Amino acid sequence: MLREGWDVQNVTVVVGLRPYTAKANILPEQAIGRGLRLMFRDVPADFTERVDIIGNKKFLDFVDDLEKLEDLKLDTFEVGKDKLHIATILPVESRKEYDIGLPVLSPTLVRKKSLAEEIATLDVMSFQTILLPLSPDDPRAKTFRYEGWDIITLKKEVEREYTIPEPQTAQEVIGYYARRIAEAVKLPSQFAAIAPKVREFFERKAFGQTVDLSDMTVVKAMSTPVAHYVCVDVFSKALKK
């Protein structure tokens with residue numbers, strides 16, 4: 001897509017694939033005009049610059065009209081019918097001794113491990129964090145009340161109490177925390193590498209003992225706001241080091 005101020009003088013091929021349905025021919029005219037700019041100046045008279053114009057029927061119809069309007073004669077080539085002549089550039093044998101080899105440089109910065117490999121080496125047992133309690137949640141945390149007020153009369157119109165559904169498996173909680181961690185450290189593609197570490201954290205470290213993640217008491221303890229904060233915070237700090 002051409003933009004205002006686009007000024008490149010070494011265009012050798014113009015391909016017009018847009019529908020060109022507008023009555024004004026400004027866009028195809030600009031496209032061809034970019035290719036007609038000279039790349040070199042002050043060159044011998046026998047030096048010829050060339051631009052190849054390829055496009056759909058609408059674009060080529062405009063080229064035909066341009067020939068008539070500007071009194072030009074452009075060479076044409078029909079694929080499958082005309083013989084294509086390709087200029088082959090080869091090195092001059094007698095000058096090979098002056099060839100300058102390109103040096104092979106070693107990179108300054110090298111990542112010895114992939115991100116997934118680095119995440120896999122995290123030692124969750126070394127995390128400095130508080131231990132989470134394995135106790136039933138406060139019943140008040142399982143419900144919330146919704147109240148709807150009329151802003152004109154200031155009367156309460158609706159009052160409802162909702163029960164917050166509890167997660168059924170530890171994997172739901174682990175997946176949620178892994179996504180939050182990936183977002184926090186801006187590594188969304190590393191969810192698959194982070195999730196196993198989150199599982200290991202809750203299974204072996206978070207509660208100060210090895211726990212069974214299929215136990216609903218453990219699942220509920222993993223789902224508390226405190227567990228959410230601790231998990232995301234400790235992993236974010238470890239991954240940002």
# chains A, B, ... in the order shown; residues from 1 in each chain; ligands from 1
$ select_by_dssp --residues "chain A" --states "strand (DSSP E or B)" --output "list in words"
Val13, Val14, Val15, Gly16, Asp52, Ile53, Ile54, Gly55, Thr143, Phe144, Arg145, Tyr146, Glu147, Gly148, Trp149, Lys156, Glu157, Val158, Glu159, Arg160, Glu161, Tyr162 and Thr163 of chain A
$ closest_atom_pairs --of "range 64-151 of chain A" --to "range 15-31 of chain A" --cutoff "12 Å" --atoms "only C-alpha atoms" --output "Markdown table"
| residue | atom | partner | partner_atom | distance |
| --- | --- | --- | --- | --- |
| A:Asp64 | CA | A:Glu29 | CA | 11.9 |
| A:Asp65 | CA | A:Asn25 | CA | 10.6 |
| A:Leu66 | CA | A:Glu29 | CA | 8.6 |
| A:Glu67 | CA | A:Glu29 | CA | 11.9 |
$ write_last_selection --atoms "N, CA and C atoms" --output "PDB file, in the first residue's frame"
ATOM      1  N   ASP A  64      -2.394   0.081 -20.714  1.00  0.00           N
ATOM      2  CA  ASP A  64      -2.691   0.299 -22.136  1.00  0.00           C
ATOM      3  C   ASP A  64      -3.179   1.723 -22.379  1.00  0.00           C
ATOM      4  N   ASP A  65      -4.058   2.202 -21.507  1.00  0.00           N
ATOM      5  CA  ASP A  65      -4.558   3.576 -21.646  1.00  0.00           C
ATOM      6  C   ASP A  65      -3.431   4.584 -21.463  1.00  0.00           C
ATOM      7  N   LEU A  66      -2.508   4.258 -20.564  1.00  0.00           N
ATOM      8  CA  LEU A  66      -1.385   5.158 -20.314  1.00  0.00           C
ATOM      9  C   LEU A  66      -0.487   5.261 -21.545  1.00  0.00           C
ATOM     10  N   GLU A  67      -0.313   4.146 -22.241  1.00  0.00           N
ATOM     11  CA  GLU A  67       0.484   4.166 -23.470  1.00  0.00           C
ATOM     12  C   GLU A  67      -0.124   5.121 -24.498  1.00  0.00           C
TER      13      GLU A  67
END
$ residues_around --residues "range 235-238 of chain A" --least-positions-apart "3" --cutoff "9 Å" --atoms "only C-alpha atoms" --output "ChimeraX atom specification"
/A:122,124,127,181-182,184-185,194,198,230-232,241
$ atom_distance --atom1 "CA of Glu183 in chain A" --atom2 "CA of Lys240 in chain A"
12.4 Å
$ closest_residue --among "A:Gln9, A:Asn56, A:Ser223, A:Thr121" --to "Phe40 in chain A" --atoms "only C-alpha atoms"
A:Gln9
$ select_by_dssp --residues "range 31-175 of chain A" --states "alpha helix (DSSP H)" --output "number ranges by chain"
A: 31-35, 57-70, 115-120, 170-175
$ closest_residue --among "A:Arg50, A:Arg179, A:Arg41, A:Arg34" --to "Phe191 in chain A" --atoms "only C-alpha atoms"
A:Arg179
$ residues_around --residues "Asp52 in chain A" --least-positions-apart "2" --cutoff "10 Å" --atoms "only C-alpha atoms" --output "VMD selection string"
chain A and resid 11 to 15 32 35 to 36 50 54 75 to 77
$ atom_distance --atom1 "CA of Pro167 in chain A" --atom2 "CA of Asp215 in chain A"
11.8 Å
$ closest_residue --among "A:Leu131, A:Val226, A:Ala192, A:Ile152" --to "Arg204 in chain A" --atoms "only C-alpha atoms"
A:Leu131
$ atom_distance --atom1 "CA of Ala116 in chain A" --atom2 "CA of Gln190 in chain A"
6.6 Å
$ closest_residue --among "A:Leu187, A:Ile53, A:Ala178, A:Val92" --to "Leu74 in chain A" --atoms "only C-alpha atoms"
A:Ile53
